[in-house]
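> My questions will all concern the structure given below.
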Amino acid sequence: MNGLIIICGLGLLAMISEIFKFRSVLFPLVLTGLLAALALNVWEWNNPMHISYFENMIGFDRSALAFSTVILAIALLWFVLAQDYFKSGQHLVDHYALVLFALAGALMLTGCKNMTTLFLGIETLSIPMYVLAASKKNDLKSNEAGFKYLIMGSFASGFLLFGIALVYGATASFDFEEIKAYIAVFQGELPGFFYVGVIFILIAMAFKIAVAPFHFWAPDVYEGSPVLITGLMSTVVKTAAFAAFMRLFMMCFSNVSELWVTLLAVIVALSLAVSNFTAVMQTNTKRMLAYSSISHAAFMLMIIMSDKGETASVNSLIYYSLAYSLASLSAFAVIYLVSKNGSEDITELNGLHKRNRLLTITLTIALLSLAGIPVTAGFFAKYFVLSQIPSDTLLWLTILAIISSTIAAFYYLKIVGSMFFADSYTKEPIVVQKSHAFVLIVCVVLLLLFGMVPGLITELALY
Amino acid sequence: MMKLAALVPLFPLVGFILNGLFGKKMSKGLSGTIASVAMLLSFGISLAVFLELQTAENKATVINLFSWISSDTLQVPFEFLIDPLSSVFLLIITGIGFLIHIYSLGYMKHDDAFARFFAYLNLFVFFMLLLVMGNNYLILFMGWEGVGLCSYLLIGFWFKNNAYNDAAKKAFIINRIGDLGFLLGIFLIFTTYGSTTFGDIFPNAGMASPAVVTTIALLLFFGATGKSAQIPLFTWLPDAMAGPTPVSALIHAATMVTAGVYMIVRSNIFYSMSETASAVVAIVGLATALIAALIGLFQNDIKKILAYSTVSQLGLMFLGLGAGAFSSSVFHVTTHAFFKALLFLAAGSVIHAMGGEQDIRKMGGLKGKIKITFITMLIGTIAISGIPPLSGFFSKDEIMAHVFEYNGLLWFFAMIVSALTAFYMFRLIFLTFYGKFRGTSEQEHHLHESPPTMTIPLVVLAALAIFGGLLGLPEFWGMSNWMAENLDTIIMHHHETRLSHQTEWILMGLAVVSALIIILIAYNVYRKKGLVPVEKEQQLKDWQRPIFHKFYVDEIYDFLVRRPVDFLSESFYKVLDLQVVSLLVDGIGNSVKTFGSYIRLIQNGNVSTYIVGMVMSIICILLFIFLI
Amino acid sequence: MLGYTITQWLFGILSFLAVMFALLVVFSKNPVHSVLYLVLTFFCIAGHYLLMNAQFLAIVHIAVYAGAIMVLFLFVIMLLNLNEQHEPRRTSVSRIIGVIVAGLFLMVLVGVLKGTEQLQLTNTANAEAGLIKNLGQVLFNEFLFPFEIVSILLLAALVGAIMLGKKEVKENVNENRI
């Protein structure tokens, strides 16, 4: 909770910084704020005094704290990375404020315990993202991305609202726990529109996490948005949306799981097929990573279908989010640094080995992690997922997941190969400034560390 | 205090990271200091832990660091186990490791890749410590693989020389073969006992059927033959002498190659339960010892002689293990670590003095020129030959007594090995230090004693080689055998010697007398007659030829393994790969691409299409869930 | 009258009008007309609020949506001088597809939700919840947190709109590199 308050305050601070002319110290201020929020998160973890706030509107139990810590940590790395992005662009203050507000939305989502906070969290997260996607104002593609994101996002929000209304109509409550209790009592006598409501909410959430067949926006938006914003979308936004998804479906609607598990299985299967088959064909790195993010979202969805108990699932989801966010952030960081003076085409990465070794190593580790090769965190992330799928009923899904991972490995490793062996059109070395190198090294070290010692995350005592 | 033991592997790791990352920017002195200080700190803590353990009530402390792998059935905590066995190994690794680090400061002074060398060395120590400290087979295996990697890196340290690279690859590949056996053993243990933690397995070892236990024991032993250079996987160790001499001393004499012994002592329960496995261990050990000793007779490279002697001594240790003398084998590991490290370092000092020459036929008369080296090496040689009261005598005698009790025939061959050892070692001494100098005059001018950084470790090790025997004085002398008592809690099944004191005295006497006679013969041949080994192969007698060629083992492997594999891979490549796999893979790849290009059509960038697609999906979902 | 109460009659008429105007919003070619129809739709919905005893919501709805937002819309449309010629040509195929998909969706929704009218709701809300007093109390007690957080949401939307709308101060070279 303290984290949320600090982030909201930081956003406001960013906005008045222009008036009171302390724009130049805004960056250190934001970093300090984020660090403070992280520290307070840890403190709250160790001193669980209040779990629910404001009439049970929002609650930061340990799983919420874990997710928000992941989000804050990734955001911290992101800010360090984006430091000169903010410097060179216009509307510096607006950018800060928007990212911080989006972050506030993300934190709300991790702690939501009520349909209203869920909806507001999603909107607070999405609206700044719509704008940020369009923030490269001279670029037609960026404008298009922002606009598409807005239209289709509103479409999904409409469904979410419709679904919430239907659920409210059936249960007369917005509160997750009350809804759950109501379902438990009146199971079997619930009106049909309640189930439609649940399905609509699921569809809206599926849109937000971008899984097939509601993924259409993702490749276009990922490609059009500025690289760093795409990085933010695939890490912070995704983690927050999953935290909310998990809360909704593992906590609130867990008693009607027979309704949505099959649907999720179909969604997962479709996403795996579509994303991995299409990713092979991509020539734009961001677009490829967009498809890769769809397939990872599908993997994360599988955790929600798990029947191995809440603690194990939450742990796996946290581990997966962290592993995916770190790998994705470092991949986008490398693309950002490489494409600064060039295009975002995959061929741009050819022969990167000769231009900058740090970037090559980082991207290699990141891609290996995305592909799920051992020693990197991605391996255990996938391993935990596959070990959690109910093997008797959903064996086919496990097999499909493994096959699609193999296909995925192909396009990841193709990039790794071309970085080392392909000829580059230029030999001009890429200079990486210290702060960027710091972020990259931190990401790589963490990826390897969590890959070697997954217990650091999965053994967290959540309850 | 016990908890501090977790820091022991940390220091070398930090040293490795510092040297590995910033080595190029640091001065040689700084990187050497970092590495050595890391070792000293580790040694200090090891010593403290060791001393505390001597008085502690509880002889086995488990330090749980974190949960490593945690999944449904597989729970592997990252735990260290501090008990008498691991504490002894900790002392050997950190203590001798520290001395060798000091020695390396001098030995590697002129090498450009100074920091890289120390980084590897520290990394090796880190993995070796993991190996002996791990509380389950997985950590042991991780250390096992890690030391293998470091051994590979260090053998090929001078990677510009292709022969060295080949030696490194050979070591790595042969080790991998052994590792496969070890890994299978671990799998079998896990499926049998449902855990890889020592504390869960050993008390329940009896639950498995005898056949399973025997299989486990044999698989683990196969793993050990790779790392500890036993038949059939011993050929890599002599080639591994391509690495810098301190590496040979630390990795290929004192520590890594004894990992197999450690592993078997750790798993002693399996061997106590299986007669067959024990017999296999004993026979393989003895055969290795004998063959290596025979080959050692005809080697002319100073390091190769020591390498074969190491293989031979390891064989003796395994013989001891097979005979059930676990604590005696650990004792021999300890004393062997002292005197073999000493011999290698002294050999390094000789090579240093000779300006890189390793052939003992080109040496001679070095006695007066490099006094400290000579004296310390002589001490090492006496120790390894089993002359009382030096350390080697006690440890070897203990093994011999057990072997005699186990089987008289094995004892007889072991005596031959012991005699051969004395012979080739004194041959080395006489050819190197006595007689006339046979090298070039240039080398003669170059001769000089090594710097103090190199001689001090020699002196310390010499002292250890002399007094190391105190660790395990024979019980029938009325002394207390500290080593046996120390390891008391580790060994699951004890069997006391039932030999009478008289027999033991006779055995001991026989050993000493035969060693002395052999030394006299060696003196006669190489000192009095001044015989120098022949230059060319043609001058060898017929019976000597197979031994000179190391019993053609490499050639046999080449014929039996490499050629069939070459042939198979060639035919697989031509038939299976090109004809079947390629088509299949290309086919799948192409269909993926075609499929992908169709899906891509939907992704046409038109928002209306997307919305239509989404609404259609929603319609389908609703239809399927609610109306059908 | 035909067995229905006045409220039910009113509900039916308002609903019919709302749907009709909404369809007209979509089908009319002139954007100005669309906006005006939308205003009418909002009025019908405000009527629904009144039927549900939520006077405050009805007034706010008219004031904010029909009054403020739609007038803004009109301004924008007139300033941009959008008229029928500017509307991109839609092929008849896409129209047909649109109609079919929307029709299907409607049918499915009706199919899914049908039968709920006989349901006896177990939870009935407070009939006076829409009154300004009760609304205020709920808003500042139970829903305090969402009420406050909406300000952040609106602020974010505001900042975003301004950022996108604001002219670039100077077209510097760096712009292309972001």
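The way I read the labels, and the way they are meant: chains A, B, ... in the order of the structure tokens, residue 1 as the first residue of every chain, and ligand 1 as the first ligand shown, with later ones counted on from there.
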Return the neighbours of chain B among the residues of chain C, cut-off 8 Å, counting only C-alpha atoms, as a PyMOL selection string.
chain C and resi 98+101+104-105+108-109+111-112
> Set the cut-off to 10 Å and count only C-alpha atoms: what are the residues of chain B that reach chain A? Output as a ChimeraX atom specification.
/B:66-72,75-78,588-589,591-600,602-611,613-618,621-622,624-626
> Using only C-alpha atoms, find which residues of chain A lie within 6 Å of chain C and jot them down as an MDAnalysis selection string.
chainID A and resid 55 124 131 172 193
> Just write the chosen residues, C-alpha atoms, as a compact mmCIF listing (two decimals), in the first residue's frame.

```txt
# COMPACT_ATOMS: atom_id res chain seq x y z
CA GLU A 55 -13.33 -1.45 3.21
CA THR A 124 -5.20 3.64 -14.91
CA VAL A 131 -0.72 7.74 -24.88
CA ALA A 172 -25.07 -8.01 -5.79
CA PHE A 193 -25.99 -14.40 -17.04
```
> Can you list, as an NGL selection string, all residues belonging to region 153-238 of chain A that DSSP tags as helix (DSSP H, G or I)?
:A and (153-171 or 176-186 or 192-208 or 217-224 or 227-238)
> Hey, what's within 7 Å of region 258-275 of chain B if we count only C-alpha atoms and toss same-chain stuff fewer than 4 positions away? As a VMD selection string, please?
chain B and resid 202 210 213 to 214 217 224 227 to 228 254 279 318 326 333 491 to 493
> What does the file look like for those residues with N, CA and C atoms, as a compact mmCIF listing (two decimals), in the first residue's frame?

```txt
# COMPACT_ATOMS: atom_id res chain seq x y z
N PHE B 202 21.46 -42.93 3.37
CA PHE B 202 22.30 -43.94 3.99
C PHE B 202 21.60 -44.74 5.08
N PRO B 210 19.53 -56.17 -3.00
CA PRO B 210 20.98 -56.26 -3.16
C PRO B 210 21.43 -55.95 -4.60
N VAL B 213 21.51 -52.26 -5.08
CA VAL B 213 22.63 -51.67 -4.36
C VAL B 213 23.93 -51.91 -5.13
N THR B 214 24.09 -53.13 -5.62
CA THR B 214 25.30 -53.44 -6.38
C THR B 214 25.39 -52.56 -7.62
N ALA B 217 26.35 -49.12 -6.64
CA ALA B 217 27.76 -49.06 -6.26
C ALA B 217 28.65 -49.10 -7.49
N ALA B 224 33.71 -42.81 -10.59
CA ALA B 224 34.98 -42.56 -9.92
C ALA B 224 36.16 -42.91 -10.80
N LYS B 227 37.05 -39.75 -12.91
CA LYS B 227 37.69 -38.63 -12.23
C LYS B 227 39.01 -39.05 -11.59
N SER B 228 39.07 -40.29 -11.07
CA SER B 228 40.27 -40.71 -10.36
C SER B 228 41.19 -41.56 -11.23
N ALA B 254 46.75 -33.86 -5.82
CA ALA B 254 46.32 -33.75 -4.43
C ALA B 254 44.81 -33.78 -4.27
N ALA B 279 34.63 -56.17 -4.54
CA ALA B 279 35.65 -56.95 -5.23
C ALA B 279 36.06 -56.27 -6.53
N PHE B 318 42.07 -47.27 -4.12
CA PHE B 318 40.85 -48.00 -4.47
C PHE B 318 40.92 -49.45 -4.00
N PHE B 326 38.19 -48.04 4.54
CA PHE B 326 37.82 -46.69 4.11
C PHE B 326 38.67 -45.62 4.77
N VAL B 333 44.93 -40.77 1.13
CA VAL B 333 44.64 -39.57 0.34
C VAL B 333 45.36 -38.38 0.96
N ILE B 491 31.85 -44.14 8.67
CA ILE B 491 31.86 -45.50 8.14
C ILE B 491 30.69 -46.27 8.75
N MET B 492 29.86 -46.80 7.89
CA MET B 492 28.64 -47.43 8.38
C MET B 492 28.90 -48.83 8.94
N HIS B 493 29.72 -49.61 8.21
CA HIS B 493 30.00 -50.96 8.68
C HIS B 493 31.49 -51.09 8.98
```
> Would you compute the distance between CA of Leu233 (chain B) and CA of Ile382 (chain B)? Give it in Å to one decimal.
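Straight-line distance from CA of Leu233 (chain B) to CA of Ile382 (chain B) works out to 28.8 Å.
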> Skip Asp61 (chain A) itself and residues of its chain fewer than 3 positions away, then list as number ranges by chain all residues within 12 Å of it, counting only C-alpha atoms.
A: 1, 41-42, 44-53, 56, 58, 64-68, 110-113, 247, 461-463
> Excluding His33 (chain C) and its own-chain neighbours fewer than 6 positions away, which residues fall within 10 Å of it when counting only C-alpha atoms? Please give them as number ranges by chain.
C: 24-27, 39, 74
> Keeping C-alpha atoms, export the residues of the selection given above as a PDB file, in the first residue's frame.

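result-v3.pdb was written with the following content:
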```pdb
ATOM      1  CA  LEU C  24     -29.172   5.933 -36.270  1.00  0.00           C
ATOM      2  CA  VAL C  25     -25.860   7.057 -34.756  1.00  0.00           C
ATOM      3  CA  VAL C  26     -24.171   4.281 -36.630  1.00  0.00           C
ATOM      4  CA  PHE C  27     -26.067   4.556 -39.865  1.00  0.00           C
ATOM      5  CA  VAL C  39     -27.409  13.034 -27.524  1.00  0.00           C
ATOM      6  CA  LEU C  74     -19.659  18.842 -32.125  1.00  0.00           C
TER       7      LEU C  74
END
```
> Using only C-alpha atoms, determine which residues lie at most 12 Å from Asn524 (chain B), disregarding the query and same-chain residues fewer than 5 positions distant; provide the list as a PDB file with N, CA and C atoms, in the first residue's frame.

```pdb
ATOM      1  N   PHE B 423      61.211 -48.232  -6.876  1.00  0.00           N
ATOM      2  CA  PHE B 423      62.226 -48.299  -7.929  1.00  0.00           C
ATOM      3  C   PHE B 423      62.163 -47.092  -8.850  1.00  0.00           C
ATOM      4  N   PHE B 426      63.126 -43.766  -7.199  1.00  0.00           N
ATOM      5  CA  PHE B 426      64.552 -43.527  -6.961  1.00  0.00           C
ATOM      6  C   PHE B 426      65.313 -43.427  -8.269  1.00  0.00           C
ATOM      7  N   ARG B 427      64.779 -44.110  -9.292  1.00  0.00           N
ATOM      8  CA  ARG B 427      65.360 -43.930 -10.631  1.00  0.00           C
ATOM      9  C   ARG B 427      65.282 -42.451 -11.005  1.00  0.00           C
ATOM     10  N   PHE B 430      67.890 -40.501  -8.889  1.00  0.00           N
ATOM     11  CA  PHE B 430      69.283 -40.696  -9.290  1.00  0.00           C
ATOM     12  C   PHE B 430      69.555 -40.060 -10.631  1.00  0.00           C
ATOM     13  N   ILE B 517      65.619 -52.900  -0.372  1.00  0.00           N
ATOM     14  CA  ILE B 517      66.356 -53.683  -1.368  1.00  0.00           C
ATOM     15  C   ILE B 517      66.192 -53.076  -2.751  1.00  0.00           C
ATOM     16  N   ILE B 518      64.947 -52.706  -3.072  1.00  0.00           N
ATOM     17  CA  ILE B 518      64.663 -52.126  -4.386  1.00  0.00           C
ATOM     18  C   ILE B 518      65.438 -50.828  -4.570  1.00  0.00           C
ATOM     19  N   ILE B 519      65.517 -50.066  -3.492  1.00  0.00           N
ATOM     20  CA  ILE B 519      66.243 -48.796  -3.605  1.00  0.00           C
ATOM     21  C   ILE B 519      67.715 -49.067  -3.872  1.00  0.00           C
ATOM     22  N   LYS B 529      76.341 -47.754 -11.922  1.00  0.00           N
ATOM     23  CA  LYS B 529      76.645 -48.030 -13.322  1.00  0.00           C
ATOM     24  C   LYS B 529      76.420 -46.798 -14.189  1.00  0.00           C
ATOM     25  N   GLY B 530      75.695 -45.813 -13.596  1.00  0.00           N
ATOM     26  CA  GLY B 530      75.443 -44.575 -14.344  1.00  0.00           C
ATOM     27  C   GLY B 530      74.634 -44.802 -15.602  1.00  0.00           C
ATOM     28  N   LEU B 531      73.764 -45.788 -15.560  1.00  0.00           N
ATOM     29  CA  LEU B 531      72.954 -46.098 -16.737  1.00  0.00           C
ATOM     30  C   LEU B 531      71.984 -44.955 -17.029  1.00  0.00           C
TER      31      LEU B 531
END
```
> Would you work out the distance separating CA of Gly178 (chain B) from CA of Thr376 (chain A), expressed in Å to one decimal?
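Between CA of Gly178 (chain B) and CA of Thr376 (chain A) the gap is 26.2 Å.
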> Quick one: residues within 12 Å of Arg355 (chain A), only C-alpha atoms, excluding same-chain residues fewer than 5 positions away - as a PyMOL selection string?
chain A and resi 337-338+348-350+360-361+419-420+423-432
> Print the selection's residues with C-alpha atoms to a file, as a compact mmCIF listing (two decimals), in the first residue's frame.

```txt
# COMPACT_ATOMS: atom_id res chain seq x y z
CA LEU A 337 20.63 0.44 -27.81
CA VAL A 338 21.25 -1.20 -31.16
CA GLU A 348 20.44 -5.22 -37.60
CA LEU A 349 21.61 -7.72 -35.00
CA ASN A 350 23.84 -9.54 -37.48
CA THR A 360 25.70 -9.73 -27.48
CA ILE A 361 26.08 -11.60 -24.24
CA MET A 419 24.73 -12.29 -33.77
CA PHE A 420 27.84 -14.40 -33.64
CA ASP A 423 28.30 -10.54 -41.26
CA SER A 424 27.25 -7.11 -40.30
CA TYR A 425 26.98 -4.28 -42.79
CA THR A 426 28.97 -2.14 -40.44
CA LYS A 427 31.77 -2.77 -38.01
CA GLU A 428 31.16 0.42 -36.15
CA PRO A 429 31.28 -0.40 -32.45
CA ILE A 430 28.29 0.50 -30.32
CA VAL A 431 29.11 2.49 -27.24
CA VAL A 432 27.08 1.60 -24.19
```
> Please indicate the distance in Å from CA of Val581 (chain B) to CA of Tyr412 (chain A), rounded to one decimal place.
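Distance reported for this atom pair: 21.3 Å.
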> So which one's closest to Leu79 (chain C), C:Met107, C:Val32, C:Leu139, C:Ile132? Using only C-alpha atoms, please.
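Of C:Met107, C:Val32, C:Leu139, C:Ile132, the one nearest Leu79 (chain C) is C:Val32, counting only C-alpha atoms.
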> In terms of the shortest atom-to-atom distance over only C-alpha atoms, which of A:Leu413, A:Val256, A:Ala73, A:Val93 is closest to Ile373 (chain A)?
A:Leu413
